[in-house]
$ cat target-v3.txt   # compact mmCIF, C-alpha atoms
# COMPACT_ATOMS: atom_id res chain seq x y z
CA MET A 1 94.94 40.43 104.73
CA THR A 2 96.81 43.56 105.81
CA PHE A 3 99.42 43.39 108.54
CA PHE A 4 97.77 46.13 110.63
CA ASN A 5 94.12 46.10 111.51
CA PRO A 6 93.02 49.76 110.90
CA GLN A 7 90.77 49.62 113.95
CA ILE A 8 93.71 48.73 116.18
CA VAL A 9 95.87 51.52 114.69
CA SER A 10 93.15 54.16 115.14
CA ALA A 11 92.32 52.80 118.62
CA VAL A 12 96.00 52.98 119.69
CA LEU A 13 96.31 56.51 118.27
CA ALA A 14 93.10 57.62 120.00
CA LEU A 15 94.19 56.01 123.26
CA SER A 16 97.59 57.78 123.11
CA ILE A 17 95.94 61.15 122.45
CA ALA A 18 93.35 60.63 125.21
CA MET A 19 95.99 59.46 127.70
CA SER A 20 98.23 62.46 126.86
CA ILE A 21 95.31 64.83 127.48
CA PHE A 22 94.45 63.15 130.79
CA TRP A 23 98.12 63.28 131.82
CA LEU A 24 98.34 67.01 130.96
CA ILE A 25 95.22 67.73 133.02
CA ARG A 26 96.48 65.60 135.93
CA ARG A 27 99.76 67.54 135.96
CA ASP A 28 97.91 70.89 135.86
CA TYR A 29 99.36 71.93 132.51
CA LEU A 30 95.86 72.99 131.48
CA ILE A 31 93.62 75.36 133.44
CA GLN A 32 90.39 73.87 134.83
CA ARG A 33 88.07 75.41 132.21
CA ASP A 34 90.22 74.08 129.35
CA GLY A 35 90.56 70.74 131.17
CA ILE A 36 86.83 69.99 130.93
CA LYS A 37 86.79 70.87 127.23
CA TRP A 38 89.79 68.64 126.52
CA ILE A 39 88.32 65.69 128.49
CA VAL A 40 85.24 65.85 126.23
CA ILE A 41 87.51 65.98 123.16
CA ALA A 42 89.58 63.06 124.49
CA LEU A 43 86.43 60.95 125.03
CA GLY A 44 85.23 61.81 121.50
CA VAL A 45 88.59 60.83 120.00
CA LEU A 46 88.56 57.58 122.01
CA LEU A 47 85.02 56.71 120.90
CA TYR A 48 85.75 57.47 117.25
CA GLY A 49 89.18 55.81 117.24
CA ILE A 50 87.99 52.53 118.75
CA ASN A 51 84.92 52.38 116.58
CA PRO A 52 85.62 54.04 113.18
CA ALA A 53 82.50 52.40 111.76
CA LEU A 54 80.61 55.09 113.69
CA ASN A 55 81.60 57.39 110.84
CA ASP A 56 79.68 55.29 108.30
CA SER A 57 76.59 55.13 110.54
CA ILE A 58 76.56 58.93 110.95
CA GLY A 59 77.23 59.38 107.21
CA ASN A 60 74.36 57.10 106.26
CA ALA A 61 72.02 58.75 108.76
CA LEU A 62 72.86 62.23 107.39
CA GLY A 63 72.84 61.09 103.77
CA ILE A 64 76.52 61.92 103.18
CA GLY A 65 77.89 60.00 100.18
CA TYR A 66 81.50 59.99 101.37
CA PRO A 67 81.44 59.53 105.19
CA PRO A 68 85.21 59.99 105.85
CA ILE A 69 84.80 63.69 104.91
CA ILE A 70 82.74 64.18 108.12
CA VAL A 71 85.87 64.07 110.28
CA VAL A 72 87.67 66.55 107.99
CA LEU A 73 84.67 68.90 107.98
CA ILE A 74 84.31 68.78 111.77
CA ALA A 75 88.06 69.35 112.20
CA LEU A 76 87.99 72.35 109.83
CA ALA A 77 84.93 73.89 111.48
CA VAL A 78 86.37 73.43 114.99
CA THR A 79 89.72 74.92 113.87
CA LEU A 80 88.02 77.97 112.35
CA ILE A 81 85.89 78.56 115.45
CA LYS A 82 88.96 78.11 117.65
CA LEU A 83 90.91 80.68 115.56
CA LEU A 84 88.05 83.15 115.89
CA ILE A 85 87.87 82.66 119.67
CA ALA A 86 91.67 83.00 119.88
CA ASP A 87 91.48 86.38 118.07
CA ILE A 88 88.73 87.58 120.42
CA GLU A 89 90.80 86.53 123.42
CA ARG A 90 93.90 88.18 121.93
CA ALA A 91 91.98 91.46 121.53
CA LYS A 92 90.96 91.28 125.21
CA LEU A 93 94.53 90.54 126.30
CA GLN A 94 95.87 93.32 124.08
CA MET A 95 93.50 95.76 125.73
CA SER A 96 94.57 94.60 129.21
CA VAL A 97 98.26 94.97 128.28
CA THR A 98 97.61 98.45 126.85
CA ARG A 99 95.78 99.57 130.00
CA LEU A 100 98.53 98.10 132.20
CA ILE A 101 101.31 99.90 130.29
CA GLN A 102 99.31 103.14 130.55
CA LYS A 103 98.72 102.69 134.29
CA VAL A 104 102.37 101.80 134.95
CA ALA A 105 103.45 104.98 133.12
CA ILE A 106 101.11 107.11 135.25
CA LEU A 107 102.01 105.40 138.55
CA GLU A 108 105.73 105.65 137.83
CA SER A 109 105.38 109.38 137.22
CA ARG A 110 103.41 109.86 140.45
CA LEU A 111 105.97 107.84 142.41
CA GLU A 112 108.79 110.01 141.06
CA GLU A 113 106.79 113.14 141.94
CA SER A 114 106.13 112.00 145.52
CA LEU A 115 109.77 110.92 145.99
CA ALA A 116 110.96 114.30 144.73
CA SER A 117 108.58 116.19 147.02
CA SER A 118 109.56 114.11 150.09
CA GLN A 119 113.26 114.77 149.33
CA GLU A 120 112.53 118.50 149.09
CA LYS A 121 110.85 118.43 152.53
CA GLN A 122 113.89 116.75 154.06
CA MET B 1 84.70 125.15 138.23
CA ASP B 2 88.03 126.78 137.38
CA PHE B 3 89.37 126.28 133.88
CA ARG B 4 92.46 124.07 134.11
CA LEU B 5 94.17 123.29 130.82
CA ALA B 6 96.68 120.54 130.09
CA ILE B 7 98.57 120.00 126.84
CA VAL B 8 99.12 116.32 126.00
CA ILE B 9 101.93 115.56 123.57
CA PRO B 10 102.54 111.95 122.46
CA ALA B 11 106.18 111.58 121.46
CA LYS B 12 108.22 108.81 119.92
CA ASN B 13 111.80 109.58 118.92
CA GLU B 14 111.20 113.32 118.76
CA ALA B 15 114.47 114.46 120.35
CA ASN B 16 115.03 116.98 117.53
CA SER B 17 111.80 118.87 118.02
CA ILE B 18 110.31 118.24 121.48
CA GLN B 19 112.27 121.00 123.27
CA ALA B 20 111.12 123.63 120.77
CA VAL B 21 107.49 122.47 121.16
CA ILE B 22 107.71 122.71 124.99
CA ASP B 23 109.40 126.14 124.81
CA GLY B 24 106.71 127.35 122.41
CA ILE B 25 103.90 126.35 124.83
CA ARG B 26 105.69 128.05 127.73
CA THR B 27 105.48 131.40 125.97
CA LEU B 28 101.66 131.32 126.11
CA SER B 29 99.88 133.67 128.49
CA ILE B 30 97.41 130.95 129.64
CA LYS B 31 100.27 128.84 131.11
CA PRO B 32 98.90 125.33 130.62
CA HIS B 33 100.46 122.25 132.21
CA ILE B 34 102.42 120.15 129.74
CA ILE B 35 102.21 116.34 129.76
CA VAL B 36 104.53 114.50 127.38
CA VAL B 37 103.88 110.80 126.82
CA ASN B 38 107.09 109.12 125.76
CA ASP B 39 105.99 106.15 123.65
CA ALA B 40 109.08 103.99 124.27
CA SER B 41 111.45 106.28 122.37
CA THR B 42 114.86 104.87 121.62
CA ASP B 43 116.52 108.30 121.40
CA CYS B 44 116.92 110.85 124.22
CA THR B 45 113.35 112.24 124.06
CA ALA B 46 112.62 111.19 127.68
CA GLU B 47 115.82 112.82 129.02
CA ILE B 48 115.08 116.12 127.23
CA VAL B 49 111.50 116.13 128.56
CA LYS B 50 112.61 115.38 132.15
CA LYS B 51 115.29 118.10 132.03
CA SER B 52 112.75 120.63 130.84
CA GLY B 53 110.73 119.98 134.02
CA VAL B 54 107.39 119.00 132.47
CA ILE B 55 105.40 115.87 133.32
CA CYS B 56 106.81 112.86 131.48
CA LEU B 57 104.87 109.57 131.28
CA ASN B 58 106.96 106.70 129.93
CA HIS B 59 105.49 103.72 128.09
CA MET B 60 107.61 100.62 128.66
CA GLU B 61 106.56 99.42 125.19
CA SER B 62 105.43 101.38 122.17
CA LEU B 63 101.64 101.41 121.89
CA GLY B 64 101.19 103.89 119.04
CA ALA B 65 100.25 107.56 118.87
CA TRP B 66 96.60 107.19 119.85
CA GLN B 67 97.26 105.00 122.90
CA ALA B 68 100.03 107.41 123.97
CA THR B 69 97.56 110.27 123.69
CA GLN B 70 95.06 108.25 125.72
CA THR B 71 97.62 107.78 128.52
CA GLY B 72 97.95 111.55 128.71
CA LEU B 73 94.15 111.94 128.71
CA ILE B 74 93.79 109.42 131.58
CA TYR B 75 96.44 111.29 133.58
CA ALA B 76 94.78 114.65 132.89
CA GLN B 77 91.36 113.34 133.86
CA THR B 78 92.57 111.90 137.16
CA GLN B 79 94.37 115.17 137.96
CA GLY B 80 91.16 117.14 137.50
CA TYR B 81 91.97 119.14 134.38
CA THR B 82 88.87 120.62 132.79
CA ALA B 83 90.22 120.63 129.24
CA VAL B 84 93.03 119.01 127.31
CA VAL B 85 94.67 120.04 124.06
CA THR B 86 96.47 117.29 122.17
CA MET B 87 99.22 118.19 119.74
CA ASP B 88 102.05 116.52 117.83
CA ALA B 89 105.63 116.54 119.05
CA ASP B 90 107.14 117.08 115.61
CA GLY B 91 106.39 120.80 115.49
CA GLN B 92 103.62 120.62 112.89
CA HIS B 93 101.06 122.05 115.32
CA LEU B 94 101.85 125.60 116.36
CA SER B 95 101.62 126.42 120.05
CA SER B 96 100.58 129.96 119.11
CA GLU B 97 97.32 128.45 117.76
CA ILE B 98 96.32 126.81 121.07
CA GLU B 99 94.60 129.97 122.24
CA LYS B 100 92.30 129.83 119.19
CA LEU B 101 90.98 126.44 120.37
CA VAL B 102 90.66 127.62 123.98
CA ALA B 103 88.78 130.78 122.97
CA VAL B 104 85.92 128.68 121.56
CA VAL B 105 85.22 126.78 124.81
CA SER B 106 84.68 129.97 126.78
CA ASP B 107 81.47 130.59 124.79
CA PHE B 108 78.08 129.89 126.37
CA GLU B 109 77.22 127.02 124.01
CA ALA B 110 80.65 125.52 124.18
CA PRO B 111 81.42 122.41 122.15
CA ASP B 112 82.86 119.23 123.68
CA VAL B 113 85.63 118.93 121.11
CA VAL B 114 87.38 121.61 119.08
CA ILE B 115 89.49 120.46 116.14
CA GLY B 116 92.27 122.67 114.85
CA ALA B 117 91.81 122.18 111.11
CA CYS B 118 94.18 122.95 108.27
CA GLN B 119 92.93 121.27 105.12
CA GLY B 120 95.39 123.22 103.04
CA ARG B 121 98.21 120.96 104.22
CA ALA B 122 96.75 117.87 102.55
CA SER B 123 97.77 116.71 99.09
CA PHE B 124 95.17 116.07 96.37
CA ALA B 125 95.29 112.30 97.00
CA LYS B 126 94.71 112.76 100.74
CA LYS B 127 91.77 115.07 100.09
CA VAL B 128 90.19 112.41 97.87
CA VAL B 129 90.69 109.74 100.58
CA TRP B 130 89.30 112.05 103.31
CA ASN B 131 86.22 112.66 101.14
CA ILE B 132 85.63 108.92 100.75
CA PHE B 133 85.94 108.41 104.54
CA ARG B 134 83.57 111.33 105.20
CA LYS B 135 80.98 109.95 102.78
CA ILE B 136 81.08 106.43 104.24
CA SER B 137 81.26 107.35 107.92
CA GLY B 138 78.90 110.34 107.81
CA ILE B 139 81.39 112.51 109.69
CA LYS B 140 80.91 116.19 108.94
CA ILE B 141 84.45 117.22 109.82
CA GLY B 142 86.70 118.72 107.13
CA ASP B 143 90.11 117.80 108.58
CA ILE B 144 89.55 114.29 109.88
CA THR B 145 93.19 113.45 110.58
CA SER B 146 94.18 116.51 112.60
CA GLY B 147 95.58 115.54 116.00
CA PHE B 148 95.44 119.18 117.13
CA ARG B 149 92.29 119.00 119.25
CA LEU B 150 90.75 120.29 122.45
CA TYR B 151 88.66 117.92 124.58
CA ASN B 152 86.45 118.97 127.51
CA ARG B 153 85.65 116.73 130.52
CA SER B 154 82.73 114.93 128.80
CA ALA B 155 84.94 114.06 125.84
CA LEU B 156 87.75 113.02 128.20
CA ALA B 157 85.46 110.64 130.10
CA LEU B 158 84.51 108.98 126.81
CA LEU B 159 88.00 108.78 125.35
CA ILE B 160 89.64 107.22 128.38
CA SER B 161 87.13 104.35 128.34
CA GLN B 162 88.15 100.82 127.37
CA ARG B 163 86.14 101.10 124.14
CA ALA B 164 88.51 103.80 122.97
CA SER B 165 91.55 101.67 123.85
CA LEU B 166 90.88 99.32 120.95
CA LEU B 167 91.15 102.10 118.36
CA GLU B 168 94.32 102.11 116.33
CA TYR B 169 94.29 105.67 115.00
CA GLN B 170 92.91 108.86 116.49
CA ASP B 171 91.17 110.10 113.35
CA VAL B 172 88.01 108.42 112.05
CA GLY B 173 87.62 105.93 114.94
CA VAL B 174 87.70 108.64 117.61
CA LEU B 175 85.43 110.94 115.61
CA LEU B 176 82.90 108.13 115.14
CA LEU B 177 82.98 107.40 118.87
CA LEU B 178 82.36 111.09 119.65
CA LYS B 179 79.55 111.21 117.08
CA ALA B 180 77.88 108.04 118.43
CA SER B 181 77.95 109.52 121.94
CA GLY B 182 76.25 112.70 120.78
CA LEU B 183 79.11 115.03 121.70
CA LYS B 184 79.39 118.37 119.94
CA VAL B 185 82.44 118.65 117.70
CA ILE B 186 83.41 121.80 115.85
CA GLU B 187 86.34 122.89 113.72
CA VAL B 188 88.44 126.02 113.95
CA GLN B 189 90.77 126.96 111.14
CA VAL B 190 94.38 127.12 112.31
CA SER B 191 97.78 127.47 110.70
CA MET B 192 100.16 124.53 110.74
CA ASP B 193 103.82 124.24 109.91
CA LYS B 194 103.79 122.62 106.47
CA ARG B 195 107.37 121.41 106.75
CA TYR B 196 106.03 118.55 108.78
CA ASP B 197 103.47 115.87 108.05
CA GLY B 198 101.69 114.68 111.18
CA ASN B 199 100.89 111.33 109.56
CA SER B 200 104.38 110.54 108.37
CA ARG B 201 104.54 107.33 110.42
CA ILE B 202 101.21 106.13 109.11
CA PHE B 203 102.22 106.93 105.52
CA SER B 204 105.82 105.80 105.77
CA SER B 205 105.41 102.87 103.36
CA TRP B 206 102.93 101.70 100.71
CA PHE B 207 101.99 98.71 102.84
CA LYS B 208 101.21 100.99 105.81
CA ILE B 209 99.13 103.29 103.58
CA LEU B 210 97.14 100.29 102.32
CA TYR B 211 96.69 98.94 105.87
CA TYR B 212 95.56 102.36 107.10
CA LEU B 213 93.08 102.75 104.23
CA VAL B 214 91.58 99.27 104.64
CA SER B 215 91.34 99.44 108.44
CA THR B 216 89.80 102.94 108.35
CA LEU B 217 87.33 101.88 105.66
CA LEU B 218 86.42 98.85 107.77
CA ILE B 219 85.85 100.94 110.90
CA SER B 220 83.84 103.49 108.86
CA PHE B 221 81.58 100.73 107.48
CA SER B 222 81.27 98.80 110.75
CA LYS B 223 80.15 101.83 112.76
CA ILE B 224 77.67 103.28 110.23
CA PHE B 225 74.60 102.26 112.19
CA HIS B 226 76.31 101.96 115.56
CA LYS B 227 74.75 104.04 118.30
CA LYS B 228 75.75 104.42 121.96
$ encode --input "target-v3.txt" --output "structure tokens"
Amino acid sequence: MTFFNPQIVSAVLALSIAMSIFWLIRRDYLIQRDGIKWIVIALGVLLYGINPALNDSIGNALGIGYPPIIVVLIALAVTLIKLLIADIERAKLQMSVTRLIQKVAILESRLEESLASSQEKQ
Amino acid sequence: MDFRLAIVIPAKNEANSIQAVIDGIRTLSIKPHIIVVNDASTDCTAEIVKKSGVICLNHMESLGAWQATQTGLIYAQTQGYTAVVTMDADGQHLSSEIEKLVAVVSDFEAPDVVIGACQGRASFAKKVVWNIFRKISGIKIGDITSGFRLYNRSALALLISQRASLLEYQDVGVLLLLKASGLKVIEVQVSMDKRYDGNSRIFSSWFKILYYLVSTLLISFSKIFHKK
């Protein structure tokens, strides 16, 4: 008999992660759109952590010989998709920053021009 | 509509040459307006430009030569210029050749873009690379990297769009965008000062050369079948 019951360890871990996510949402550290996504993730982690045998059931149903790999595969796929989305978002942000720098340069020049012309009139 | 010409010059740390470029343009009989885009220079480029009394647009952060050019194009478009000539600040492009580009757009069947071409300035290796890019992208332009160009209002409207903001270099990407939009691009042979290399920043290290080649090949491939 092992000292720790693996189900308790995974349940405690899952509960800590889920509670941290809920706390972050409650304190508005995450924007609303991300909040919904993270609540779903937190519930998934909670479900999986409390009942790890779920892994074996899914593995058997899908005919996967080594069920623990499911979690690794899902984690890798989600990470890759997330990286892709992050790059798309970065491209959008980069474009916004570029346009802002360009607009600031133009507005600054116009401001200087109008200040100079108003000083000339005086 | 009256013909109003602006010269857009992107400049980053060009304190040694920018005054001579401005003075050269001022000797022209067509008297164009000069717009210098200071791409966050760390030397006294901005001070020299301001003292010379031409329009100076200052980027608070360096965005690169194409984005600096685009800032000038946006400014020119909003100010109602009918044509814009872009040229380098390092003195490679000769102001005396601007009139050759302008002469073409006064024709009845005027093109939308006139490229001042000087293939003689390229080394053998560059010519080989240009040929590969031409073959892959289907661009029929001889001097694909020349930044000495004239754009009319149709070309300006296209090149100030957000689509054009994502381009990193003004060569193949811009030419592909012009081609996909059905704009007429022609070349005019011009002389350039061979003491300078307009792409020196792009080709300043082997890593940058490799990055430029790969990214240009990628854009050439990705836009092969891309239409408007």
$ closest_residue --input "target-v3.txt" --among "B:Asp143, B:Asp193, B:Asp43, B:Glu97" --to "Lys12 (chain B)" --atoms "all atoms listed in the file"
B:Asp43
$ residues_around --input "target-v3.txt" --residues "Pro68 (chain A)" --least-positions-apart "2" --cutoff "8 Å" --atoms "only C-alpha atoms" --output "MDAnalysis selection string"
chainID A and resid 55:56 66 70:72
$ closest_atom_pairs --input "target-v3.txt" --of "chain B" --to "chain A" --cutoff "7 Å" --atoms "all atoms listed in the file" --output "tab-separated table"
residue	atom	partner	partner_atom	distance
B:Cys56	CA	A:Ser109	CA	6.9
B:Leu57	CA	A:Ala105	CA	5.1
B:Asn58	CA	A:Ala105	CA	5.0
B:His59	CA	A:Ala105	CA	5.6
B:Met60	CA	A:Ile101	CA	6.5
B:Thr71	CA	A:Gln102	CA	5.3
B:Tyr75	CA	A:Ile106	CA	6.5
B:Ser165	CA	A:Met95	CA	6.5
B:Leu166	CA	A:Met95	CA	6.5
$ atom_distance --input "target-v3.txt" --atom1 "CA of Leu84 (chain A)" --atom2 "CA of Trp38 (chain A)"
18.1 Å
$ closest_residue --input "target-v3.txt" --among "B:Ser106, B:Lys126, B:Glu99, B:Ser62" --to "Ala40 (chain B)" --atoms "only C-alpha atoms"
B:Ser62
$ atom_distance --input "target-v3.txt" --atom1 "CA of Leu158 (chain B)" --atom2 "CA of Pro32 (chain B)"
22.1 Å
$ closest_residue --input "target-v3.txt" --among "A:Leu43, A:Leu111, A:Ile81, A:Ile64" --to "Leu15 (chain A)" --atoms "only C-alpha atoms"
A:Leu43
$ atom_distance --input "target-v3.txt" --atom1 "CA of Tyr151 (chain B)" --atom2 "CA of Val105 (chain B)"
9.5 Å
$ residues_around --input "target-v3.txt" --residues "Asn152 (chain B)" --least-positions-apart "4" --cutoff "9 Å" --atoms "all atoms listed in the file" --output "MDAnalysis selection string"
chainID B and resid 81:85 105 111:114 156:157
$ write_last_selection --input "target-v3.txt" --atoms "C-alpha atoms" --output "PDB file, keeping the file's coordinate frame"
ATOM      1  CA  TYR B  81      91.970 119.140 134.380  1.00  0.00           C
ATOM      2  CA  THR B  82      88.870 120.620 132.790  1.00  0.00           C
ATOM      3  CA  ALA B  83      90.220 120.630 129.240  1.00  0.00           C
ATOM      4  CA  VAL B  84      93.030 119.010 127.310  1.00  0.00           C
ATOM      5  CA  VAL B  85      94.670 120.040 124.060  1.00  0.00           C
ATOM      6  CA  VAL B 105      85.220 126.780 124.810  1.00  0.00           C
ATOM      7  CA  PRO B 111      81.420 122.410 122.150  1.00  0.00           C
ATOM      8  CA  ASP B 112      82.860 119.230 123.680  1.00  0.00           C
ATOM      9  CA  VAL B 113      85.630 118.930 121.110  1.00  0.00           C
ATOM     10  CA  VAL B 114      87.380 121.610 119.080  1.00  0.00           C
ATOM     11  CA  LEU B 156      87.750 113.020 128.200  1.00  0.00           C
ATOM     12  CA  ALA B 157      85.460 110.640 130.100  1.00  0.00           C
TER      13      ALA B 157
END
$ residues_around --input "target-v3.txt" --residues "region 139-142 of chain B" --least-positions-apart "2" --cutoff "9 Å" --atoms "only C-alpha atoms" --output "PDB file with C-alpha atoms, in the frame of the given file"
ATOM      1  CA  ILE B 115      89.490 120.460 116.140  1.00  0.00           C
ATOM      2  CA  ALA B 117      91.810 122.180 111.110  1.00  0.00           C
ATOM      3  CA  CYS B 118      94.180 122.950 108.270  1.00  0.00           C
ATOM      4  CA  GLN B 119      92.930 121.270 105.120  1.00  0.00           C
ATOM      5  CA  TRP B 130      89.300 112.050 103.310  1.00  0.00           C
ATOM      6  CA  ASN B 131      86.220 112.660 101.140  1.00  0.00           C
ATOM      7  CA  PHE B 133      85.940 108.410 104.540  1.00  0.00           C
ATOM      8  CA  ARG B 134      83.570 111.330 105.200  1.00  0.00           C
ATOM      9  CA  LYS B 135      80.980 109.950 102.780  1.00  0.00           C
ATOM     10  CA  ILE B 136      81.080 106.430 104.240  1.00  0.00           C
ATOM     11  CA  SER B 137      81.260 107.350 107.920  1.00  0.00           C
ATOM     12  CA  ILE B 144      89.550 114.290 109.880  1.00  0.00           C
ATOM     13  CA  VAL B 172      88.010 108.420 112.050  1.00  0.00           C
ATOM     14  CA  LEU B 175      85.430 110.940 115.610  1.00  0.00           C
ATOM     15  CA  LEU B 176      82.900 108.130 115.140  1.00  0.00           C
ATOM     16  CA  LYS B 179      79.550 111.210 117.080  1.00  0.00           C
ATOM     17  CA  VAL B 185      82.440 118.650 117.700  1.00  0.00           C
ATOM     18  CA  ILE B 186      83.410 121.800 115.850  1.00  0.00           C
ATOM     19  CA  GLU B 187      86.340 122.890 113.720  1.00  0.00           C
TER      20      GLU B 187
END
$ residues_around --input "target-v3.txt" --residues "Leu24 (chain A)" --least-positions-apart "4" --cutoff "12 Å" --atoms "only C-alpha atoms" --output "VMD selection string"
chain A and resid 17 to 20 28 to 32 34 to 36 38 to 39 42
$ residues_around --input "target-v3.txt" --residues "region 212-219 of chain B" --least-positions-apart "5" --cutoff "10 Å" --atoms "only C-alpha atoms" --output "list in words"
Val129, Ile132, Phe133, Ile136, Ser137, Leu167, Glu168, Tyr169, Asp171, Val172, Gly173, Leu176, Ile202, Phe203, Trp206, Phe207 and Ile224 of chain B
$ decode --input "target-v3.txt" --residues "region 34-92 of chain A" --atoms "C-alpha atoms" --output "mmCIF file, in the first residue's frame"
data_model
loop_
_atom_site.group_PDB
_atom_site.id
_atom_site.type_symbol
_atom_site.label_atom_id
_atom_site.label_comp_id
_atom_site.auth_asym_id
_atom_site.auth_seq_id
_atom_site.Cartn_x
_atom_site.Cartn_y
_atom_site.Cartn_z
ATOM 1 C CA ASP A 34 -10.773 34.312 -21.610
ATOM 2 C CA GLY A 35 -12.656 33.770 -18.329
ATOM 3 C CA ILE A 36 -15.273 31.528 -19.963
ATOM 4 C CA LYS A 37 -12.573 29.488 -21.712
ATOM 5 C CA TRP A 38 -10.622 29.026 -18.473
ATOM 6 C CA ILE A 39 -13.755 28.011 -16.492
ATOM 7 C CA VAL A 40 -14.324 25.209 -19.022
ATOM 8 C CA ILE A 41 -10.660 24.179 -18.687
ATOM 9 C CA ALA A 42 -10.905 24.305 -14.878
ATOM 10 C CA LEU A 43 -14.008 22.059 -14.911
ATOM 11 C CA GLY A 44 -12.236 19.618 -17.256
ATOM 12 C CA VAL A 45 -9.166 19.500 -14.998
ATOM 13 C CA LEU A 46 -11.416 18.979 -11.953
ATOM 14 C CA LEU A 47 -13.348 16.153 -13.624
ATOM 15 C CA TYR A 48 -10.183 14.420 -14.828
ATOM 16 C CA GLY A 49 -8.258 14.956 -11.589
ATOM 17 C CA ILE A 50 -10.972 13.561 -9.316
ATOM 18 C CA ASN A 51 -11.672 10.640 -11.577
ATOM 19 C CA PRO A 52 -8.463 9.584 -13.418
ATOM 20 C CA ALA A 53 -10.105 6.283 -14.351
ATOM 21 C CA LEU A 54 -11.981 8.331 -16.955
ATOM 22 C CA ASN A 55 -8.768 8.154 -18.957
ATOM 23 C CA ASP A 56 -8.950 4.349 -19.158
ATOM 24 C CA SER A 57 -12.628 4.425 -20.176
ATOM 25 C CA ILE A 58 -11.910 6.895 -23.002
ATOM 26 C CA GLY A 59 -8.812 4.903 -24.023
ATOM 27 C CA ASN A 60 -10.775 1.655 -24.184
ATOM 28 C CA ALA A 61 -13.621 3.299 -26.087
ATOM 29 C CA LEU A 62 -11.193 4.752 -28.666
ATOM 30 C CA GLY A 63 -9.075 1.601 -28.825
ATOM 31 C CA ILE A 64 -5.919 3.296 -27.526
ATOM 32 C CA GLY A 65 -3.468 0.732 -26.107
ATOM 33 C CA TYR A 66 -1.781 3.134 -23.691
ATOM 34 C CA PRO A 67 -4.512 5.451 -22.297
ATOM 35 C CA PRO A 68 -2.221 7.833 -20.300
ATOM 36 C CA ILE A 69 -0.892 9.159 -23.645
ATOM 37 C CA ILE A 70 -4.333 10.734 -24.290
ATOM 38 C CA VAL A 71 -3.649 13.532 -21.806
ATOM 39 C CA VAL A 72 -0.206 14.189 -23.325
ATOM 40 C CA LEU A 73 -1.635 14.228 -26.857
ATOM 41 C CA ILE A 74 -4.465 16.595 -25.893
ATOM 42 C CA ALA A 75 -2.007 18.875 -24.065
ATOM 43 C CA LEU A 76 0.337 18.967 -27.081
ATOM 44 C CA ALA A 77 -2.480 19.637 -29.550
ATOM 45 C CA VAL A 78 -3.961 22.402 -27.380
ATOM 46 C CA THR A 79 -0.493 23.983 -26.919
ATOM 47 C CA LEU A 80 0.171 23.966 -30.671
ATOM 48 C CA ILE A 81 -3.224 25.493 -31.470
ATOM 49 C CA LYS A 82 -2.702 28.084 -28.741
ATOM 50 C CA LEU A 83 0.731 29.009 -30.191
ATOM 51 C CA LEU A 84 -0.803 29.411 -33.634
ATOM 52 C CA ILE A 85 -3.594 31.630 -32.290
ATOM 53 C CA ALA A 86 -1.019 33.646 -30.311
ATOM 54 C CA ASP A 87 0.973 34.286 -33.528
ATOM 55 C CA ILE A 88 -2.185 35.383 -35.372
ATOM 56 C CA GLU A 89 -3.052 37.739 -32.525
ATOM 57 C CA ARG A 90 0.532 39.045 -32.437
ATOM 58 C CA ALA A 91 0.353 39.827 -36.170
ATOM 59 C CA LYS A 92 -2.873 41.794 -35.580
#
